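Worksheet: one structure, shown below.
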Amino acid sequence: MTFKLKKLTINLENYNIMQTSNQILKTKFGYESFRFNQEDIIKTIMQKRDAFVLMPTGGGKSLCYQIPALLFDGLTVVISPLIALMKDQVDALRLNGINAAYMNSSLDTNEISDIYEQLNRHEIKLLYVSPERLLGNNQLFLVFLRSLNISLFAIDEAHCISHWGHDFRPEYRLLSSLKREFSAVPIIALTATADGLTRDDILDKLKLKNPVVFTSSFNRPNIHYSVEPKRKMYEQILIYLKKHRNDSGIIYVLSRNSAQKMADKLKADGFSAKPYHAGLSGDKRNKHQELFIKDQVKIIVATIAFGMGINKSNVRFVIHADLPKNIESYYQETGRAGRDGLKSEAILFYSGGDVIKLKRFAMVENNPEQTRVMLHKLSQMATLCESNACRRRAILNYFGEQAPDSCDNCDVCLTGREKFDGTVIAQKALSAVARLENRFGLTYVVDFLRGSKAEKISETHKTLKTYGIGKDISKEEWFRYFKDLISFNYLKQVGSEYPVLALTEKSRNVLLGKEKVFLVKAVAKKEITLSEMPYEQELFDKLKIVRTDLAQKENVPAYLVFSDATLLELSTYLPQTLEEVRKISGFGDIKLAKYGKIFLEVVFNYCAERKLASKINEKIPKR
Ligand code: ADP
Ligand code: ZN
């Protein structure tokens with residue numbers, strides 16, 4: 001009986017906690033319902049248990065400690081690796097009327113003493129600090145913190161503690177003493193790092209007390225993945241950019257030189273683009289990053305050095321102009337798109353030449369073991385690009401996660417594939433390989449088949465009967481057919497550095513007309529739109545301008561005023577009163593009071609001119 005009673009009390013407590021956290025979610029952040037396991041995570045923290053949260057980028061990790069911070073009496077200390085990230089989070093909280101602050105080397109002494117005073121008066125709910133500020137310098141700061149009531153430590157980007165992770169920061173090592181120093185204060189560690197080795201290492205290093213581990217799927221359903229053959233890459237990029245002039249995006253390249261060149265070219269072609277690479281001064285890099293974050297520059301052409309400090313939620317596309325060196329990097333880099341949950345694109349330009357180039361980088365001198373690992377990872381990346389299987393599934397399987405065969409949101413799954421009798425095509429391909437005596441690579445064979453006039457095709461070859469018999473088929477199509485012929489074993493590739501095409505045992509029957517070959521033809525791809533629901537594009541663009549103006553006045557990035565997701569909801573559901581605006585995701589009490597009228601007026605006038613009515617009743621609670 002007592003046991004039952006006790007359980008009931010605990011449940012009642014839980015119930016109260018969840019009721020108040022739901023209220024905070026709505027009134028402070030303007031969101032309708034919790035996502036993934038946010039609710040369970042918050043419950044765990046409120047029971048003062050340690051938690052380890054693995055959630056993909058854009059999943060909503062911040063709320064998992066921000067809501068407990070508001071529920072607890074004392075102070076929540078958030079450890080974050082970068083000044084830019086701290087500032088971003090604090091600005092976002094302040095816009096929602098929550099008193100948060102950060103302490104780092106960017107502040108002057110006056111600002112710092114001001115924060116100390118506010119902390120002493122218990123006015124600050126969340127304090128963002130770097131690990132060295134928290135635990136370095138003879139732990140002076142720690143001594144001060146002991147005089148306050150600390151309710152929770154949140155360790156953001158927790159993978160920085162592990163040298164297995166993609167972004168090791170030695171200062172994070174200091175955090176291993178946190179649990180010893182504050183054994184009664186719960187710790188929540190959060191990361192979007194997907195690989196198992198790093199996860200285990202984080203738990204080991206942080207010495208959390210019997211933590212509850214929360215894992216979400218690493219799937220990013222709103223990102224559309226596609227791989228295109230890299231040939232006239234710059235032209236292909238231009239075609240894409242011309243269709244997406246209002247969108248922000250990142251183009252990743254391998255070298256400083258190509259970053260600089262591509263940014264210059266894009267500028268000359270009338271695009272708003274800036275480079276970001278290690279060859280630029282720190283000031284210049286910060287400046288370019290800032291312009292990008294504030295939407296004053298639309299495109300950043302970057303080497304991999306770009307991205308970690310980026311919380312920008314409305315990155316609509318990530319283009320890889322060069323091949324990433326492994327699937328982890330590909331996932332991290334493409335993951336910078338679509339944090340706001342709206343549809344976004346990840347486009348990769350693939351060529352076998354890139355694989356050869358990267359192989360050279362993968363060779364670690366005097367370390368055959370590491371070289372082997374790097375080469376293996378590279379070949380997994382290449383396989384992802386070359387295969388005809390769902391890209392999302394390939395990514396998720398790589399991280400040890402199950403996934404359905406088809407995702408309906410990658411180039412492979414969205415390209416209709418029609419099987420047809422391709423025997424004649426196969427015969428042309430195989431006889432070309434035979435005529436060239438199994439001594440030439442894929443590109444040469446395709447150029448030969450298409451009757452290329454290029455000098456690299458030898459004069460003798462130009463006199464052969466097979467030369468030019470495949471003119472009617474485009475280069476892209478030939479590459480695809482060859483890929484299939486290889487995967488069905490009608491042909492093979494021999495040699496690793498400069499592979500050549502060669503016949504197999506299966507080739508003979510095809511050449512003799514004794515075996516039929518079935519190939520698949522690609523049919524037109526579906527257009528990708530921002531949303532499944534119809535929305536007013538013109539209104540959406542207008543609202544973006546209003547948002548930019550407000551953001552400039554407040555001196556914060558536009559996406560912190562409202563995310564693209566909020567503007568999209570406004571242009572979909574067309575609210576006509578402030579009460580209706582309240583139902584739009586992202587309008588908490590403070591933002592409604594501050595910005596509600598301004599946005600309502602724009603929507604209202606737009607609808608009046610076009611005789612459009614509110615559709616707010618069609619809105620299902622947004623997650
Ligand atoms: P992460 O840190 O996991 O990358 P964030 O905490 O920055 O993700 O959240 C990504 C975006 O999703 C933010 O704009 C955030 O406000 C929004 N968000 C988080 N939780 C919810 C929710 N329950 N409903 C609607 N939007 C949410
Ligand atoms: Zn797919």
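In the structure tokens, chains take the letters A, B, ... in the order shown, each chain's residues start at 1, and ligands count up from 1 in the order shown.
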Sorted by chain and rising residue number, list the residues of chain A at most 9 Å from ligand 2 (counting only C-alpha atoms and all ligand atoms), each with its closest atom pair and distance in Å to one decimal, as a tab-separated table.
residue	atom	partner	partner_atom_place_in_ligand_line	distance
A:His224	CA	ligand 2	1 (Zn)	8.4
A:Tyr225	CA	ligand 2	1 (Zn)	7.7
A:Ala389	CA	ligand 2	1 (Zn)	7.2
A:Cys390	CA	ligand 2	1 (Zn)	3.7
A:Arg391	CA	ligand 2	1 (Zn)	5.2
A:Arg392	CA	ligand 2	1 (Zn)	5.2
A:Arg393	CA	ligand 2	1 (Zn)	6.5
A:Ala394	CA	ligand 2	1 (Zn)	8.7
A:Pro404	CA	ligand 2	1 (Zn)	8.8
A:Asp405	CA	ligand 2	1 (Zn)	7.5
A:Ser406	CA	ligand 2	1 (Zn)	4.8
A:Cys407	CA	ligand 2	1 (Zn)	3.9
A:Asp408	CA	ligand 2	1 (Zn)	5.3
A:Asn409	CA	ligand 2	1 (Zn)	5.3
A:Cys410	CA	ligand 2	1 (Zn)	4.2
A:Asp411	CA	ligand 2	1 (Zn)	6.7
A:Val412	CA	ligand 2	1 (Zn)	5.7
A:Cys413	CA	ligand 2	1 (Zn)	4.4
A:Leu414	CA	ligand 2	1 (Zn)	7.3
Output file for the selection above: N, CA, C and O atoms, as a PDB file, in the first residue's frame:
ATOM      1  N   HIS A 224      17.187  15.788 -48.819  1.00  0.00           N
ATOM      2  CA  HIS A 224      17.152  14.975 -50.031  1.00  0.00           C
ATOM      3  C   HIS A 224      18.596  14.769 -50.502  1.00  0.00           C
ATOM      4  O   HIS A 224      19.318  15.736 -50.734  1.00  0.00           O
ATOM      5  N   TYR A 225      19.023  13.512 -50.600  1.00  0.00           N
ATOM      6  CA  TYR A 225      20.397  13.236 -51.020  1.00  0.00           C
ATOM      7  C   TYR A 225      20.436  12.915 -52.508  1.00  0.00           C
ATOM      8  O   TYR A 225      19.587  12.173 -52.999  1.00  0.00           O
ATOM      9  N   ALA A 389      21.654   1.850 -54.873  1.00  0.00           N
ATOM     10  CA  ALA A 389      20.762   1.627 -53.731  1.00  0.00           C
ATOM     11  C   ALA A 389      20.497   2.935 -53.013  1.00  0.00           C
ATOM     12  O   ALA A 389      21.242   3.899 -53.163  1.00  0.00           O
ATOM     13  N   CYS A 390      19.439   2.950 -52.242  1.00  0.00           N
ATOM     14  CA  CYS A 390      19.015   4.154 -51.506  1.00  0.00           C
ATOM     15  C   CYS A 390      20.179   4.760 -50.711  1.00  0.00           C
ATOM     16  O   CYS A 390      20.841   4.093 -49.942  1.00  0.00           O
ATOM     17  N   ARG A 391      20.426   6.062 -50.919  1.00  0.00           N
ATOM     18  CA  ARG A 391      21.564   6.725 -50.247  1.00  0.00           C
ATOM     19  C   ARG A 391      21.341   6.801 -48.743  1.00  0.00           C
ATOM     20  O   ARG A 391      22.261   6.676 -47.954  1.00  0.00           O
ATOM     21  N   ARG A 392      20.101   7.103 -48.339  1.00  0.00           N
ATOM     22  CA  ARG A 392      19.808   7.254 -46.919  1.00  0.00           C
ATOM     23  C   ARG A 392      20.064   5.939 -46.189  1.00  0.00           C
ATOM     24  O   ARG A 392      20.672   5.907 -45.130  1.00  0.00           O
ATOM     25  N   ARG A 393      19.623   4.866 -46.821  1.00  0.00           N
ATOM     26  CA  ARG A 393      19.830   3.567 -46.213  1.00  0.00           C
ATOM     27  C   ARG A 393      21.325   3.303 -46.050  1.00  0.00           C
ATOM     28  O   ARG A 393      21.787   2.798 -45.032  1.00  0.00           O
ATOM     29  N   ALA A 394      22.100   3.669 -47.072  1.00  0.00           N
ATOM     30  CA  ALA A 394      23.547   3.452 -47.002  1.00  0.00           C
ATOM     31  C   ALA A 394      24.151   4.223 -45.829  1.00  0.00           C
ATOM     32  O   ALA A 394      24.992   3.703 -45.089  1.00  0.00           O
ATOM     33  N   PRO A 404      14.597   1.113 -44.061  1.00  0.00           N
ATOM     34  CA  PRO A 404      13.889   0.433 -45.152  1.00  0.00           C
ATOM     35  C   PRO A 404      14.679   0.516 -46.466  1.00  0.00           C
ATOM     36  O   PRO A 404      15.563   1.362 -46.604  1.00  0.00           O
ATOM     37  N   ASP A 405      14.341  -0.359 -47.426  1.00  0.00           N
ATOM     38  CA  ASP A 405      15.076  -0.393 -48.694  1.00  0.00           C
ATOM     39  C   ASP A 405      14.998   0.926 -49.435  1.00  0.00           C
ATOM     40  O   ASP A 405      15.913   1.295 -50.155  1.00  0.00           O
ATOM     41  N   SER A 406      13.879   1.611 -49.266  1.00  0.00           N
ATOM     42  CA  SER A 406      13.673   2.803 -50.066  1.00  0.00           C
ATOM     43  C   SER A 406      13.164   3.932 -49.177  1.00  0.00           C
ATOM     44  O   SER A 406      12.367   3.712 -48.270  1.00  0.00           O
ATOM     45  N   CYS A 407      13.667   5.165 -49.415  1.00  0.00           N
ATOM     46  CA  CYS A 407      13.326   6.272 -48.513  1.00  0.00           C
ATOM     47  C   CYS A 407      12.386   7.285 -49.146  1.00  0.00           C
ATOM     48  O   CYS A 407      11.857   8.146 -48.461  1.00  0.00           O
ATOM     49  N   ASP A 408      12.237   7.242 -50.440  1.00  0.00           N
ATOM     50  CA  ASP A 408      11.379   8.198 -51.142  1.00  0.00           C
ATOM     51  C   ASP A 408      11.894   9.621 -51.100  1.00  0.00           C
ATOM     52  O   ASP A 408      11.164  10.553 -51.370  1.00  0.00           O
ATOM     53  N   ASN A 409      13.122   9.814 -50.686  1.00  0.00           N
ATOM     54  CA  ASN A 409      13.657  11.170 -50.668  1.00  0.00           C
ATOM     55  C   ASN A 409      15.160  11.198 -50.974  1.00  0.00           C
ATOM     56  O   ASN A 409      15.922  11.905 -50.314  1.00  0.00           O
ATOM     57  N   CYS A 410      15.581  10.392 -51.957  1.00  0.00           N
ATOM     58  CA  CYS A 410      16.942  10.512 -52.455  1.00  0.00           C
ATOM     59  C   CYS A 410      16.874  10.292 -53.967  1.00  0.00           C
ATOM     60  O   CYS A 410      15.832   9.873 -54.472  1.00  0.00           O
ATOM     61  N   ASP A 411      17.945  10.603 -54.680  1.00  0.00           N
ATOM     62  CA  ASP A 411      17.865  10.498 -56.137  1.00  0.00           C
ATOM     63  C   ASP A 411      17.531   9.083 -56.587  1.00  0.00           C
ATOM     64  O   ASP A 411      16.749   8.880 -57.514  1.00  0.00           O
ATOM     65  N   VAL A 412      18.085   8.095 -55.886  1.00  0.00           N
ATOM     66  CA  VAL A 412      17.841   6.715 -56.302  1.00  0.00           C
ATOM     67  C   VAL A 412      16.362   6.368 -56.147  1.00  0.00           C
ATOM     68  O   VAL A 412      15.729   5.849 -57.066  1.00  0.00           O
ATOM     69  N   CYS A 413      15.803   6.716 -54.995  1.00  0.00           N
ATOM     70  CA  CYS A 413      14.413   6.331 -54.731  1.00  0.00           C
ATOM     71  C   CYS A 413      13.410   7.154 -55.531  1.00  0.00           C
ATOM     72  O   CYS A 413      12.309   6.696 -55.787  1.00  0.00           O
ATOM     73  N   LEU A 414      13.792   8.374 -55.901  1.00  0.00           N
ATOM     74  CA  LEU A 414      12.820   9.220 -56.596  1.00  0.00           C
ATOM     75  C   LEU A 414      12.939   9.145 -58.114  1.00  0.00           C
ATOM     76  O   LEU A 414      12.119   9.693 -58.825  1.00  0.00           O
TER      77      LEU A 414
END
Write out as a PyMOL selection string each polymer residue whose atoms come within 7 Å of segment 234-250 of chain A, counting only C-alpha atoms; drop sequence neighbours fewer than 2 positions from it.
chain A and resi 232+252+298-301+314-319
Collect all residues with atoms no farther than 7 Å from ligand 1, counting only C-alpha atoms and all ligand atoms, and output them as JSON, numbers by chain.
{"A": [31, 32, 33, 34, 35, 55, 56, 57, 58, 59, 60, 61, 62, 63, 311, 313, 339, 340, 341, 563, 585, 622, 623]}
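The residue set within 9 Å of segment 328-330 of chain A, counting only C-alpha atoms and dropping same-chain residues fewer than 6 places from it, reads His166, Thr193, Ala194, Asp195, Ile304, His320, Lys377, Met381, Ile395, Tyr398 and Phe399 of chain A.
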Near segment 501-510 of chain A, counting only C-alpha atoms, which residues have an atom at most 8 Å away, once you skip same-chain residues fewer than 3 positions from it, shown as number ranges by chain?
A: 423, 426-427, 430, 433-434, 437-442, 489-494, 513-517
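Residues surrounding Asp167 of chain A within 12 Å are Pro81, Leu82, Glu157, Ala158, His159, Cys160, Ile161, Ser162, His163, Trp164, Gly165, Arg169, Pro170, Glu171, Tyr172, Thr191, Ala192, Thr193, Thr198, Ile304, Ala305, Phe306, Gly307, Met308, Gly309, Glu328, Ser329 and Gln332 of chain A [only C-alpha atoms; sequence separation below 2 positions excluded].
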Just to be explicit: take each residue in the selection above, keep N, CA and C atoms, and write the result as a compact mmCIF listing (two decimals), in the first residue's frame.
# COMPACT_ATOMS: atom_id res chain seq x y z
N PRO A 81 31.51 24.68 -26.89
CA PRO A 81 32.89 24.83 -27.33
C PRO A 81 33.22 26.15 -28.03
N LEU A 82 32.23 26.84 -28.57
CA LEU A 82 32.57 27.97 -29.42
C LEU A 82 31.82 29.23 -29.05
N GLU A 157 27.64 19.51 -27.48
CA GLU A 157 28.70 19.02 -28.38
C GLU A 157 29.66 18.11 -27.62
N ALA A 158 29.09 17.18 -26.86
CA ALA A 158 29.90 16.36 -25.95
C ALA A 158 30.97 15.54 -26.66
N HIS A 159 30.82 15.31 -27.97
CA HIS A 159 31.83 14.52 -28.69
C HIS A 159 33.18 15.21 -28.71
N CYS A 160 33.22 16.51 -28.40
CA CYS A 160 34.49 17.23 -28.39
C CYS A 160 35.46 16.66 -27.36
N ILE A 161 34.95 15.87 -26.41
CA ILE A 161 35.83 15.29 -25.39
C ILE A 161 36.60 14.09 -25.94
N SER A 162 36.14 13.54 -27.05
CA SER A 162 36.76 12.31 -27.55
C SER A 162 37.65 12.56 -28.76
N HIS A 163 38.85 12.01 -28.72
CA HIS A 163 39.70 12.20 -29.89
C HIS A 163 39.27 11.30 -31.04
N TRP A 164 38.30 10.43 -30.77
CA TRP A 164 37.75 9.62 -31.87
C TRP A 164 36.77 10.44 -32.70
N GLY A 165 36.22 11.48 -32.06
CA GLY A 165 35.20 12.28 -32.74
C GLY A 165 35.82 13.11 -33.85
N ARG A 169 38.47 18.56 -28.92
CA ARG A 169 38.99 19.78 -28.29
C ARG A 169 39.60 19.43 -26.95
N PRO A 170 40.93 19.59 -26.85
CA PRO A 170 41.63 19.18 -25.62
C PRO A 170 41.02 19.79 -24.36
N GLU A 171 40.51 21.04 -24.44
CA GLU A 171 39.94 21.68 -23.24
C GLU A 171 38.79 20.85 -22.66
N TYR A 172 38.09 20.13 -23.53
CA TYR A 172 36.95 19.35 -23.05
C TYR A 172 37.37 18.28 -22.05
N THR A 191 25.04 15.18 -27.95
CA THR A 191 25.83 15.20 -29.18
C THR A 191 25.02 14.68 -30.37
N ALA A 192 25.46 15.08 -31.55
CA ALA A 192 24.85 14.54 -32.78
C ALA A 192 25.80 13.56 -33.44
N THR A 193 26.82 13.13 -32.68
CA THR A 193 27.78 12.20 -33.28
C THR A 193 27.22 10.80 -33.34
N THR A 198 32.94 6.76 -30.60
CA THR A 198 32.95 8.06 -29.94
C THR A 198 31.95 8.08 -28.79
N ILE A 304 36.58 22.07 -45.62
CA ILE A 304 35.89 21.47 -44.48
C ILE A 304 36.04 22.28 -43.19
N ALA A 305 36.95 23.27 -43.20
CA ALA A 305 37.15 24.10 -42.00
C ALA A 305 35.88 24.85 -41.61
N PHE A 306 34.87 24.84 -42.45
CA PHE A 306 33.67 25.63 -42.18
C PHE A 306 32.52 24.80 -41.65
N GLY A 307 31.87 25.28 -40.61
CA GLY A 307 30.60 24.65 -40.28
C GLY A 307 30.32 24.40 -38.83
N MET A 308 31.34 24.05 -38.07
CA MET A 308 31.11 23.66 -36.68
C MET A 308 30.40 24.76 -35.88
N GLY A 309 30.80 26.00 -36.12
CA GLY A 309 30.21 27.09 -35.34
C GLY A 309 28.91 27.61 -35.93
N GLU A 328 31.30 9.66 -42.49
CA GLU A 328 31.09 10.55 -41.33
C GLU A 328 31.10 12.01 -41.76
N SER A 329 32.14 12.39 -42.52
CA SER A 329 32.24 13.79 -42.94
C SER A 329 31.06 14.17 -43.82
N GLN A 332 28.10 14.70 -41.56
CA GLN A 332 28.22 15.93 -40.77
C GLN A 332 27.99 17.16 -41.64
Using DSSP on the backbone, list every residue of segment 14-169 of chain A that comes out as helix (DSSP H, G or I), and give them as a PyMOL selection string.
chain A and resi 14-27+38-46+62-71+83-95+109-120+131-135+137-146+158-161
